[in-house]
$ cat final.cif   # mmCIF, C-alpha atoms
data_input
loop_
_atom_site.group_PDB
_atom_site.id
_atom_site.type_symbol
_atom_site.label_atom_id
_atom_site.label_comp_id
_atom_site.auth_asym_id
_atom_site.auth_seq_id
_atom_site.Cartn_x
_atom_site.Cartn_y
_atom_site.Cartn_z
ATOM 1 C CA GLY A 1 -5.130 -16.324 7.531
ATOM 2 C CA LYS A 2 -3.408 -14.035 10.001
ATOM 3 C CA PRO A 3 -4.238 -14.574 13.692
ATOM 4 C CA ALA A 4 -6.269 -11.729 15.237
ATOM 5 C CA ASP A 5 -3.598 -11.165 17.896
ATOM 6 C CA ALA A 6 -0.580 -11.307 15.527
ATOM 7 C CA GLN A 7 2.428 -9.386 16.815
ATOM 8 C CA PHE A 8 4.774 -7.189 14.783
ATOM 9 C CA LEU A 9 7.861 -8.929 13.441
ATOM 10 C CA TYR A 10 10.079 -7.106 10.956
ATOM 11 C CA SER A 11 11.124 -9.421 8.145
ATOM 12 C CA ASN A 12 13.762 -8.761 5.483
ATOM 13 C CA LEU A 13 12.625 -12.006 3.887
ATOM 14 C CA GLY A 14 9.082 -10.611 3.830
ATOM 15 C CA PHE A 15 10.272 -7.493 1.990
ATOM 16 C CA THR A 16 12.206 -9.717 -0.426
ATOM 17 C CA VAL A 17 9.091 -11.765 -1.188
ATOM 18 C CA LEU A 18 7.031 -8.577 -1.552
ATOM 19 C CA GLY A 19 9.594 -7.153 -3.994
ATOM 20 C CA ALA A 20 9.533 -10.376 -6.023
ATOM 21 C CA ALA A 21 5.732 -10.391 -6.106
ATOM 22 C CA LEU A 22 5.582 -6.751 -7.233
ATOM 23 C CA THR A 23 8.130 -7.281 -10.003
ATOM 24 C CA THR A 24 6.357 -10.431 -11.186
ATOM 25 C CA ARG A 25 3.044 -8.573 -11.299
ATOM 26 C CA ALA A 26 4.620 -5.590 -13.106
ATOM 27 C CA ARG A 27 6.624 -7.890 -15.429
ATOM 28 C CA THR A 28 9.804 -5.896 -14.909
ATOM 29 C CA SER A 29 12.912 -5.787 -12.725
ATOM 30 C CA TYR A 30 12.913 -4.336 -9.225
ATOM 31 C CA ALA A 31 15.359 -1.640 -10.378
ATOM 32 C CA GLU A 32 12.999 -0.590 -13.191
ATOM 33 C CA LEU A 33 9.976 -0.696 -10.897
ATOM 34 C CA LEU A 34 11.778 1.549 -8.380
ATOM 35 C CA ARG A 35 12.742 3.982 -11.147
ATOM 36 C CA ARG A 36 9.318 4.012 -12.808
ATOM 37 C CA GLU A 37 7.072 4.159 -9.743
ATOM 38 C CA ILE A 38 9.042 6.114 -7.109
ATOM 39 C CA ALA A 39 12.429 7.557 -8.032
ATOM 40 C CA GLY A 40 11.418 8.879 -11.472
ATOM 41 C CA PRO A 41 8.198 10.616 -10.442
ATOM 42 C CA LEU A 42 9.930 12.243 -7.452
ATOM 43 C CA GLY A 43 13.032 13.273 -9.413
ATOM 44 C CA MET A 44 15.298 11.022 -7.325
ATOM 45 C CA LYS A 45 18.086 10.568 -9.903
ATOM 46 C CA ASP A 46 20.523 9.021 -7.408
ATOM 47 C CA THR A 47 18.155 6.364 -6.032
ATOM 48 C CA VAL A 48 19.052 3.129 -7.775
ATOM 49 C CA ILE A 49 19.887 -0.522 -7.286
ATOM 50 C CA SER A 50 22.978 -0.579 -9.535
ATOM 51 C CA LEU A 51 25.299 2.413 -9.584
ATOM 52 C CA SER A 52 26.334 4.096 -12.828
ATOM 53 C CA PRO A 53 30.081 4.704 -13.281
ATOM 54 C CA GLU A 54 29.536 8.343 -12.238
ATOM 55 C CA GLN A 55 27.589 7.301 -9.119
ATOM 56 C CA ARG A 56 30.216 4.673 -8.306
ATOM 57 C CA GLY A 57 32.813 7.465 -8.268
ATOM 58 C CA ARG A 58 30.779 9.261 -5.549
ATOM 59 C CA PHE A 59 30.002 6.127 -3.536
ATOM 60 C CA MET A 60 31.583 6.318 -0.094
ATOM 61 C CA GLN A 61 33.773 3.609 1.381
ATOM 62 C CA GLY A 62 32.018 1.648 4.135
ATOM 63 C CA TYR A 63 33.649 0.663 7.439
ATOM 64 C CA ASP A 64 32.902 -2.047 9.975
ATOM 65 C CA ALA A 65 32.714 -1.655 13.775
ATOM 66 C CA GLU A 66 36.510 -1.910 14.048
ATOM 67 C CA ARG A 67 36.940 0.822 11.385
ATOM 68 C CA HIS A 68 38.182 -1.594 8.745
ATOM 69 C CA ARG A 69 37.182 -1.019 5.125
ATOM 70 C CA THR A 70 34.353 -3.299 4.092
ATOM 71 C CA PRO A 71 32.884 -3.978 0.647
ATOM 72 C CA ALA A 72 29.360 -2.766 -0.048
ATOM 73 C CA TRP A 73 26.810 -5.553 -0.220
ATOM 74 C CA ASP A 74 25.208 -6.436 -3.531
ATOM 75 C CA LEU A 75 21.860 -7.830 -2.444
ATOM 76 C CA ASP A 76 20.753 -8.906 -5.933
ATOM 77 C CA ALA A 77 17.444 -10.780 -5.428
ATOM 78 C CA PHE A 78 17.152 -9.240 -1.941
ATOM 79 C CA ALA A 79 17.320 -5.645 -3.278
ATOM 80 C CA SER A 80 13.850 -4.828 -1.960
ATOM 81 C CA ALA A 81 15.059 -5.650 1.559
ATOM 82 C CA GLY A 82 17.977 -3.218 1.662
ATOM 83 C CA GLY A 83 19.644 -2.945 -1.731
ATOM 84 C CA ILE A 84 18.482 0.535 -2.698
ATOM 85 C CA ARG A 85 21.301 3.077 -2.940
ATOM 86 C CA SER A 86 20.452 6.729 -2.505
ATOM 87 C CA THR A 87 21.657 10.133 -1.351
ATOM 88 C CA ALA A 88 20.506 12.339 1.507
ATOM 89 C CA GLY A 89 19.008 14.769 -1.008
ATOM 90 C CA ASP A 90 16.982 12.063 -2.727
ATOM 91 C CA MET A 91 15.837 10.645 0.600
ATOM 92 C CA LEU A 92 14.654 14.106 1.675
ATOM 93 C CA ALA A 93 12.635 14.311 -1.556
ATOM 94 C CA TYR A 94 11.022 10.979 -0.617
ATOM 95 C CA LEU A 95 10.330 12.162 2.935
ATOM 96 C CA GLU A 96 8.811 15.382 1.563
ATOM 97 C CA ALA A 97 6.379 13.178 -0.386
ATOM 98 C CA GLN A 98 5.592 11.295 2.832
ATOM 99 C CA LEU A 99 4.954 14.616 4.617
ATOM 100 C CA HIS A 100 2.730 15.929 1.818
ATOM 101 C CA PRO A 101 1.242 12.976 -0.070
ATOM 102 C CA GLU A 102 -1.353 15.277 -1.639
ATOM 103 C CA ARG A 103 1.469 16.786 -3.758
ATOM 104 C CA ALA A 104 2.948 13.442 -4.812
ATOM 105 C CA PRO A 105 2.108 11.596 -8.036
ATOM 106 C CA PHE A 106 1.316 8.414 -6.077
ATOM 107 C CA ARG A 107 -0.719 9.923 -3.245
ATOM 108 C CA ALA A 108 -2.847 6.857 -2.455
ATOM 109 C CA ALA A 109 0.188 4.588 -1.955
ATOM 110 C CA LEU A 110 1.826 7.088 0.396
ATOM 111 C CA VAL A 111 -1.335 7.489 2.452
ATOM 112 C CA GLU A 112 -1.713 3.719 2.676
ATOM 113 C CA SER A 113 1.932 3.286 3.741
ATOM 114 C CA GLN A 114 1.191 5.396 6.823
ATOM 115 C CA LEU A 115 -1.857 3.441 8.017
ATOM 116 C CA LEU A 116 -1.216 1.974 11.475
ATOM 117 C CA PHE A 117 -2.006 -1.649 12.108
ATOM 118 C CA ASN A 118 -0.413 -3.088 15.247
ATOM 119 C CA SER A 119 1.885 -2.515 18.200
ATOM 120 C CA VAL A 120 5.643 -2.998 18.029
ATOM 121 C CA ALA A 121 6.666 -2.388 21.642
ATOM 122 C CA GLY A 122 5.016 -0.260 24.289
ATOM 123 C CA ASN A 123 2.941 2.315 22.458
ATOM 124 C CA VAL A 124 5.067 2.224 19.269
ATOM 125 C CA ARG A 125 2.939 1.116 16.324
ATOM 126 C CA SER A 126 3.773 -0.190 12.884
ATOM 127 C CA ALA A 127 2.748 0.966 9.438
ATOM 128 C CA LEU A 128 3.931 -0.342 6.071
ATOM 129 C CA ALA A 129 7.742 -0.207 6.478
ATOM 130 C CA TRP A 130 7.446 2.464 9.183
ATOM 131 C CA GLN A 131 7.421 2.405 12.939
ATOM 132 C CA TYR A 132 5.225 5.114 14.437
ATOM 133 C CA GLU A 133 5.558 6.746 17.833
ATOM 134 C CA PRO A 134 2.095 8.160 18.666
ATOM 135 C CA ASP A 135 3.191 10.549 21.410
ATOM 136 C CA SER A 136 5.576 12.452 19.127
ATOM 137 C CA GLY A 137 3.846 11.695 15.802
ATOM 138 C CA VAL A 138 7.111 10.465 14.251
ATOM 139 C CA TYR A 139 7.316 7.765 11.585
ATOM 140 C CA MET A 140 10.780 6.165 11.379
ATOM 141 C CA HIS A 141 12.763 3.425 9.694
ATOM 142 C CA ASN A 142 16.397 2.400 9.973
ATOM 143 C CA GLY A 143 18.634 -0.130 8.359
ATOM 144 C CA ALA A 144 22.161 -1.412 8.059
ATOM 145 C CA THR A 145 24.209 -3.372 5.568
ATOM 146 C CA GLY A 146 27.924 -4.140 5.502
ATOM 147 C CA GLY A 147 29.660 -0.832 6.223
ATOM 148 C CA PHE A 148 26.562 1.376 6.079
ATOM 149 C CA THR A 149 23.775 2.507 8.424
ATOM 150 C CA SER A 150 20.729 4.661 7.710
ATOM 151 C CA PHE A 151 17.895 6.318 9.601
ATOM 152 C CA ALA A 152 14.964 8.251 8.171
ATOM 153 C CA CYS A 153 12.049 9.866 9.960
ATOM 154 C CA PHE A 154 9.251 12.306 9.326
ATOM 155 C CA ASN A 155 6.622 14.009 11.453
ATOM 156 C CA PRO A 156 3.491 15.230 9.643
ATOM 157 C CA ARG A 157 2.270 17.081 12.768
ATOM 158 C CA ARG A 158 5.361 19.301 12.771
ATOM 159 C CA ASP A 159 6.111 19.201 9.024
ATOM 160 C CA LEU A 160 9.655 17.997 9.512
ATOM 161 C CA ALA A 161 11.831 15.174 8.252
ATOM 162 C CA ALA A 162 15.385 13.987 8.710
ATOM 163 C CA VAL A 163 17.701 11.425 7.189
ATOM 164 C CA VAL A 164 21.051 10.208 8.470
ATOM 165 C CA LEU A 165 23.314 8.136 6.217
ATOM 166 C CA MET A 166 26.551 6.787 7.689
ATOM 167 C CA ASN A 167 29.378 4.838 6.128
ATOM 168 C CA ALA A 168 29.946 2.783 9.251
#

$ encode --input "final.cif" --output "structure tokens"
Amino acid sequence: GKPADAQFLYSNLGFTVLGAALTTRARTSYAELLRREIAGPLGMKDTVISLSPEQRGRFMQGYDAERHRTPAWDLDAFASAGGIRSTAGDMLAYLEAQLHPERAPFRAALVESQLLFNSVAGNVRSALAWQYEPDSGVYMHNGATGGFTSFACFNPRRDLAAVVLMNA
């Protein structure tokens, strides 16, 4: 069991194991599970694991810290820990669902993803895949892979959301 005083520790491996468990339970691939349970119901046509030829043509070149071209990572079995490819428009559709779960087809899962369970640092708390700042009411998550960085946040108190996707 989990110790009563367990501290927050973000784990890409944990998200990988969770993704594997969900796909095993659903008896499908992670890409299909993403399409069926999240991207499809929200109309997120550009949120995928593997790019179509048309999407590949729109995929931006990534750059490292020295501004050298870098290949995009193919996370394969680790897709649930950072292998989802999306657009700003699709991410805003997802954040709109987070802001208004009552309008989303999977309301209960969205509500549960926002439940707070422990401290990260100072008064910042954690929820399922979100960090929460209680003073401002902002939920946030960021990530980076080779050549790409992302940040998404939403604030239910103020009914606002933002996403930043960078190719560096």

$ resolve_selection --input "final.cif" --expression "the PyMOL selection byres ((chain A and resi 104) around 12)" --output "list in words"
Glu37, Ile38, Ala39, Gly40, Pro41, Leu42, Gly43, Ala93, Tyr94, Leu95, Glu96, Ala97, Gln98, Leu99, His100, Pro101, Glu102, Arg103, Pro105, Phe106, Arg107, Ala108, Ala109, Leu110 and Val111 of chain A

$ resolve_selection --input "final.cif" --expression "the PyMOL selection byres ((chain A and resi 46) around 8)" --output "PyMOL selection string"
chain A and resi 44-45+47-48+55+85-87+90

$ closest_atom_pairs --input "final.cif" --of "segment 100-153 of chain A" --to "segment 67-78 of chain A" --cutoff "8 Å" --atoms "all atoms listed in the file" --output "CSV"
residue,atom,partner,partner_atom,distance
A:Thr145,CA,A:Trp73,CA,6.7
A:Gly146,CA,A:Ala72,CA,5.9
A:Gly147,CA,A:Thr70,CA,5.7
A:Phe148,CA,A:Ala72,CA,7.9

$ closest_residue --input "final.cif" --among "A:Ala168, A:Val124, A:Val17, A:Ile49" --to "Gly82 of chain A" --atoms "all atoms listed in the file"
A:Ile49

$ atom_distance --input "final.cif" --atom1 "atom CA of Arg157 of chain A" --atom2 "atom CA of Ala129 of chain A"
19.2 Å

$ resolve_selection --input "final.cif" --expression "the PyMOL selection byres ((chain A and resi 133) around 12)" --output "ChimeraX atom specification"
/A:114,116,118-127,130-132,134-141,153-157

$ atom_distance --input "final.cif" --atom1 "atom CA of Val164 of chain A" --atom2 "atom CA of Ala21 of chain A"
29.5 Å

$ closest_residue --input "final.cif" --among "A:Leu18, A:Leu51, A:Leu115, A:Met166" --to "Tyr63 of chain A" --atoms "only C-alpha atoms"
A:Met166

$ axis_aligned_box --input "final.cif" --around "segment 149-158 of chain A" --padding-each-side "8 Å" --output "JSON"
{"center_x": 13.0, "center_y": 10.9, "center_z": 10.2, "size_x": 37.5, "size_y": 32.8, "size_z": 21.1}

$ residues_around --input "final.cif" --residues "segment 24-32 of chain A" --least-positions-apart "4" --cutoff "8 Å" --atoms "all atoms listed in the file" --output "number ranges by chain"
A: 19-20, 36, 48-50, 79-80

$ write_last_selection --input "final.cif" --atoms "C-alpha atoms" --output "mmCIF file, in the frame of the given file"
data_model
loop_
_atom_site.group_PDB
_atom_site.id
_atom_site.type_symbol
_atom_site.label_atom_id
_atom_site.label_comp_id
_atom_site.auth_asym_id
_atom_site.auth_seq_id
_atom_site.Cartn_x
_atom_site.Cartn_y
_atom_site.Cartn_z
ATOM 1 C CA GLY A 19 9.594 -7.153 -3.994
ATOM 2 C CA ALA A 20 9.533 -10.376 -6.023
ATOM 3 C CA ARG A 36 9.318 4.012 -12.808
ATOM 4 C CA VAL A 48 19.052 3.129 -7.775
ATOM 5 C CA ILE A 49 19.887 -0.522 -7.286
ATOM 6 C CA SER A 50 22.978 -0.579 -9.535
ATOM 7 C CA ALA A 79 17.320 -5.645 -3.278
ATOM 8 C CA SER A 80 13.850 -4.828 -1.960
#

$ closest_residue --input "final.cif" --among "A:Gly57, A:Gly62, A:Pro3, A:Gly14" --to "Ala81 of chain A" --atoms "only C-alpha atoms"
A:Gly14

$ atom_distance --input "final.cif" --atom1 "atom CA of Ala144 of chain A" --atom2 "atom CA of Ala65 of chain A"
12.0 Å

$ closest_residue --input "final.cif" --among "A:Tyr10, A:Glu112, A:Ile84, A:Phe117" --to "Ser150 of chain A" --atoms "all atoms listed in the file"
A:Ile84

$ build_atoms --input "final.cif" --residues "segment 37-48 of chain A" --atoms "all heavy atoms" --output "CSV table (one decimal), in the frame of the given file"
chain,number,residue,atom,x,y,z
A,37,GLU,N,8.2,3.9,-10.7
A,37,GLU,CA,7.1,4.2,-9.7
A,37,GLU,C,7.4,5.2,-8.6
A,37,GLU,O,6.5,5.8,-8.1
A,37,GLU,CB,6.6,2.9,-9.1
A,37,GLU,CG,6.0,1.8,-10.1
A,37,GLU,CD,4.8,2.3,-10.8
A,37,GLU,OE1,4.0,3.1,-10.2
A,37,GLU,OE2,4.6,1.9,-12.0
A,38,ILE,N,8.7,5.3,-8.2
A,38,ILE,CA,9.0,6.1,-7.1
A,38,ILE,C,10.1,7.1,-7.5
A,38,ILE,O,9.9,8.3,-7.4
A,38,ILE,CB,9.5,5.3,-5.9
A,38,ILE,CG1,8.4,4.4,-5.4
A,38,ILE,CG2,9.9,6.2,-4.7
A,38,ILE,CD1,8.7,3.3,-4.4
A,39,ALA,N,11.3,6.7,-7.8
A,39,ALA,CA,12.4,7.6,-8.0
A,39,ALA,C,12.2,8.5,-9.2
A,39,ALA,O,12.4,9.7,-9.1
A,39,ALA,CB,13.7,6.8,-8.3
A,40,GLY,N,11.7,8.0,-10.3
A,40,GLY,CA,11.4,8.9,-11.5
A,40,GLY,C,10.4,10.0,-11.2
A,40,GLY,O,10.7,11.1,-11.4
A,41,PRO,N,9.2,9.6,-10.7
A,41,PRO,CA,8.2,10.6,-10.4
A,41,PRO,C,8.6,11.7,-9.4
A,41,PRO,O,8.2,12.8,-9.5
A,41,PRO,CB,7.0,9.8,-9.9
A,41,PRO,CG,7.2,8.5,-10.6
A,41,PRO,CD,8.7,8.2,-10.6
A,42,LEU,N,9.5,11.3,-8.5
A,42,LEU,CA,9.9,12.2,-7.5
A,42,LEU,C,11.2,12.9,-7.8
A,42,LEU,O,11.8,13.7,-7.0
A,42,LEU,CB,10.1,11.5,-6.1
A,42,LEU,CG,8.8,11.0,-5.5
A,42,LEU,CD1,9.0,10.4,-4.1
A,42,LEU,CD2,7.8,12.2,-5.3
A,43,GLY,N,11.8,12.6,-9.0
A,43,GLY,CA,13.0,13.3,-9.4
A,43,GLY,C,14.3,12.8,-8.6
A,43,GLY,O,15.2,13.5,-8.5
A,44,MET,N,14.2,11.6,-8.1
A,44,MET,CA,15.3,11.0,-7.3
A,44,MET,C,16.3,10.3,-8.3
A,44,MET,O,16.3,9.1,-8.4
A,44,MET,CB,14.7,10.1,-6.3
A,44,MET,CG,13.8,10.7,-5.3
A,44,MET,SD,12.8,9.6,-4.3
A,44,MET,CE,14.0,8.7,-3.4
A,45,LYS,N,17.2,11.1,-8.9
A,45,LYS,CA,18.1,10.6,-9.9
A,45,LYS,C,19.2,9.7,-9.3
A,45,LYS,O,19.8,9.0,-10.1
A,45,LYS,CB,18.7,11.7,-10.7
A,45,LYS,CG,17.6,12.5,-11.5
A,45,LYS,CD,18.2,13.5,-12.4
A,45,LYS,CE,17.2,14.4,-13.1
A,45,LYS,NZ,16.0,13.9,-13.5
A,46,ASP,N,19.5,9.8,-8.0
A,46,ASP,CA,20.5,9.0,-7.4
A,46,ASP,C,20.0,7.9,-6.5
A,46,ASP,O,20.7,7.4,-5.7
A,46,ASP,CB,21.4,9.9,-6.6
A,46,ASP,CG,22.4,10.7,-7.4
A,46,ASP,OD1,22.9,10.1,-8.4
A,46,ASP,OD2,22.7,11.9,-7.1
A,47,THR,N,18.7,7.5,-6.8
A,47,THR,CA,18.2,6.4,-6.0
A,47,THR,C,18.0,5.2,-7.0
A,47,THR,O,17.2,5.2,-7.9
A,47,THR,CB,16.8,6.8,-5.4
A,47,THR,OG1,17.0,7.9,-4.5
A,47,THR,CG2,16.2,5.6,-4.7
A,48,VAL,N,18.9,4.2,-6.8
A,48,VAL,CA,19.1,3.1,-7.8
A,48,VAL,C,19.4,1.8,-7.0
A,48,VAL,O,19.7,1.8,-5.9
A,48,VAL,CB,20.1,3.5,-8.8
A,48,VAL,CG1,19.8,4.7,-9.6
A,48,VAL,CG2,21.5,3.6,-8.1
